[in-house]
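Colleague: Supplied in structure tokens, the structure appears directly below.
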Amino acid sequence: RPRPSPSRESPRMSPVPLTDTTVPDAAARRLRQREEARQAILDAAEEILVAGGYASFSMRKLAARCGYTAPTIYHYFGDKLRLLDALVEHRMTDLVAKVRAVRIGSDPVENMRELFHAFARWGLEPPTHYQLLTAMRDPEAEPHPTGERVRELLERPITELENRGRLVADVETVRQAFWALLHGLVSLQRMRPDVDWSADLVERALRG
């Protein structure tokens with residue numbers, strides 16, 4: 001049979017060229033999937049730490065809880081310590097923002113009350129990020145940079161009072177006393193929800 005003339009041939013399907021958005025969309029999808037995986041791993045790590053503390057944490061438990069394999073977890077975070085540091089960094093971002101949002105005036109005593117109150121409010125708010133912060137650190141690990149940043153911001157008025165000669169004790173004793181007060185106000189209410197705590201306990205304690 002005679003071959004059809006070129007004018008009657010069915011047009012050949014040429015490859016569809018990639019549009020300008022194809023590659024960015026694929027990259028955005030991979031980034032979104034990566035962030036979703038990281039978030040799921042961090043959430044599962046927090047659940048383990050809050051339930052049982054640092055001693056109860058293991059990568060095996062984490063893999064079983066989050067549904068990702070241990071190699072995948074190591075791929076995202078490197079090792080156990082870096083994973084836990086990433087968790088602290090992730091959870092303390094909001095605390096840093098709250099402390100920095102405090103309006104600083106000319107009275108260091110009032111500034112100290114407001115800064116410590118911001119920390120206490122964060123510690124008493126759900127979810128249990130404060131419990132995570134106090135439960136998870138390896139005693140041999142270096143202080144976390146974000147935690148040190150928060151501590152420096154909160155202690156700045158104490159240093160200013162020392163410079164003005166207004167402290168009635170040495171500066172280290174004052175720092176320890178205020179941290180004991182602050183952590184006690186938060187942790188006791190966290191540990192003993194059965195107690196009928198005064199609604200204005202934090203405000204009155206810091207005012208005193």
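In the structure tokens, chains take the letters A, B, ... in the order shown, each chain's residues start at 1, and ligands count up from 1 in the order shown.
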Neighbours of Val186 of chain A within 7 Å (only C-alpha atoms; same-chain residues fewer than 3 positions away dropped), as a list of chain:residue names?

Modeller: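 Near neighbours after the sequence-gap exclusion: A:Ala120, A:Gly123, A:Leu124, A:Leu182, A:His183, A:Gln189, A:Arg190.
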
Colleague: Which residues are close to Ala101 of chain A, i.e. within 12 Å by only C-alpha atoms, leaving aside same-chain residues fewer than 2 positions away? Reply as a PyMOL selection string.

Modeller: chain A and resi 94-99+103-104+111+114-115+118-119+153

Colleague: Selection from above, N, CA and C atoms, as a PDB file, in the first residue's frame, can you write it?

Modeller:
ATOM      1  N   ASP A  94      10.200  30.737  70.584  1.00  0.00           N
ATOM      2  CA  ASP A  94       9.077  31.534  71.087  1.00  0.00           C
ATOM      3  C   ASP A  94       9.428  32.226  72.400  1.00  0.00           C
ATOM      4  N   LEU A  95      10.194  31.554  73.256  1.00  0.00           N
ATOM      5  CA  LEU A  95      10.603  32.156  74.528  1.00  0.00           C
ATOM      6  C   LEU A  95      11.494  33.373  74.286  1.00  0.00           C
ATOM      7  N   VAL A  96      12.442  33.249  73.387  1.00  0.00           N
ATOM      8  CA  VAL A  96      13.312  34.378  73.067  1.00  0.00           C
ATOM      9  C   VAL A  96      12.479  35.562  72.586  1.00  0.00           C
ATOM     10  N   ALA A  97      11.493  35.289  71.740  1.00  0.00           N
ATOM     11  CA  ALA A  97      10.642  36.364  71.220  1.00  0.00           C
ATOM     12  C   ALA A  97       9.857  37.032  72.342  1.00  0.00           C
ATOM     13  N   LYS A  98       9.335  36.225  73.282  1.00  0.00           N
ATOM     14  CA  LYS A  98       8.551  36.788  74.381  1.00  0.00           C
ATOM     15  C   LYS A  98       9.421  37.653  75.297  1.00  0.00           C
ATOM     16  N   VAL A  99      10.633  37.199  75.575  1.00  0.00           N
ATOM     17  CA  VAL A  99      11.525  37.965  76.450  1.00  0.00           C
ATOM     18  C   VAL A  99      11.948  39.257  75.767  1.00  0.00           C
ATOM     19  N   ARG A 103       8.994  45.447  77.255  1.00  0.00           N
ATOM     20  CA  ARG A 103       9.405  46.846  77.148  1.00  0.00           C
ATOM     21  C   ARG A 103      10.328  47.186  78.319  1.00  0.00           C
ATOM     22  N   ILE A 104      11.516  47.621  78.006  1.00  0.00           N
ATOM     23  CA  ILE A 104      12.524  47.923  79.021  1.00  0.00           C
ATOM     24  C   ILE A 104      12.479  49.413  79.353  1.00  0.00           C
ATOM     25  N   ASN A 111      12.163  46.184  85.417  1.00  0.00           N
ATOM     26  CA  ASN A 111      12.543  45.417  84.234  1.00  0.00           C
ATOM     27  C   ASN A 111      12.722  43.939  84.576  1.00  0.00           C
ATOM     28  N   GLU A 114       9.333  42.236  85.017  1.00  0.00           N
ATOM     29  CA  GLU A 114       8.644  41.999  83.750  1.00  0.00           C
ATOM     30  C   GLU A 114       9.304  40.890  82.937  1.00  0.00           C
ATOM     31  N   LEU A 115      10.618  40.854  82.925  1.00  0.00           N
ATOM     32  CA  LEU A 115      11.333  39.816  82.178  1.00  0.00           C
ATOM     33  C   LEU A 115      11.091  38.436  82.783  1.00  0.00           C
ATOM     34  N   ALA A 118       7.625  37.247  82.046  1.00  0.00           N
ATOM     35  CA  ALA A 118       7.498  36.721  80.677  1.00  0.00           C
ATOM     36  C   ALA A 118       7.977  35.271  80.619  1.00  0.00           C
ATOM     37  N   PHE A 119       9.082  34.974  81.317  1.00  0.00           N
ATOM     38  CA  PHE A 119       9.580  33.598  81.366  1.00  0.00           C
ATOM     39  C   PHE A 119       8.572  32.686  82.058  1.00  0.00           C
ATOM     40  N   LEU A 153      19.660  37.719  78.864  1.00  0.00           N
ATOM     41  CA  LEU A 153      18.631  38.760  78.794  1.00  0.00           C
ATOM     42  C   LEU A 153      17.936  38.939  80.142  1.00  0.00           C
TER      43      LEU A 153
END

Colleague: Which one of A:Gly105, A:Lys61, A:Ala26, A:Arg34 sits closest to Glu47 of chain A if you count only C-alpha atoms?

Modeller: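 For Glu47 of chain A, the nearest of the candidates is A:Lys61.
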
Colleague: By how many Å are atom CA of Arg60 of chain A and atom CA of Leu133 of chain A apart?

Modeller: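 Distance reported for this atom pair: 21.6 Å.
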
Colleague: Neighbouring residues of Glu172 of chain A were defined as those with any atom within 10 Å, considering only C-alpha atoms; residues of the same chain fewer than 4 positions away were excluded. Please report them as a PyMOL selection string.

Modeller: chain A and resi 158-159+176-177

Colleague: Let's have the selection written as a PDB file, in the first residue's frame, with N, CA, C and O atoms.

Modeller:
ATOM      1  N   ILE A 158      19.901  42.476  86.794  1.00  0.00           N
ATOM      2  CA  ILE A 158      20.664  42.188  88.007  1.00  0.00           C
ATOM      3  C   ILE A 158      22.060  42.781  87.899  1.00  0.00           C
ATOM      4  O   ILE A 158      22.584  43.374  88.858  1.00  0.00           O
ATOM      5  N   THR A 159      22.658  42.634  86.735  1.00  0.00           N
ATOM      6  CA  THR A 159      23.981  43.223  86.516  1.00  0.00           C
ATOM      7  C   THR A 159      23.924  44.741  86.640  1.00  0.00           C
ATOM      8  O   THR A 159      24.828  45.366  87.219  1.00  0.00           O
ATOM      9  N   GLN A 176      21.230  33.306  91.821  1.00  0.00           N
ATOM     10  CA  GLN A 176      20.741  31.988  92.219  1.00  0.00           C
ATOM     11  C   GLN A 176      19.388  32.076  92.918  1.00  0.00           C
ATOM     12  O   GLN A 176      18.513  31.226  92.705  1.00  0.00           O
ATOM     13  N   ALA A 177      19.221  33.098  93.759  1.00  0.00           N
ATOM     14  CA  ALA A 177      17.959  33.253  94.483  1.00  0.00           C
ATOM     15  C   ALA A 177      16.803  33.490  93.518  1.00  0.00           C
ATOM     16  O   ALA A 177      15.723  32.890  93.658  1.00  0.00           O
TER      17      ALA A 177
END
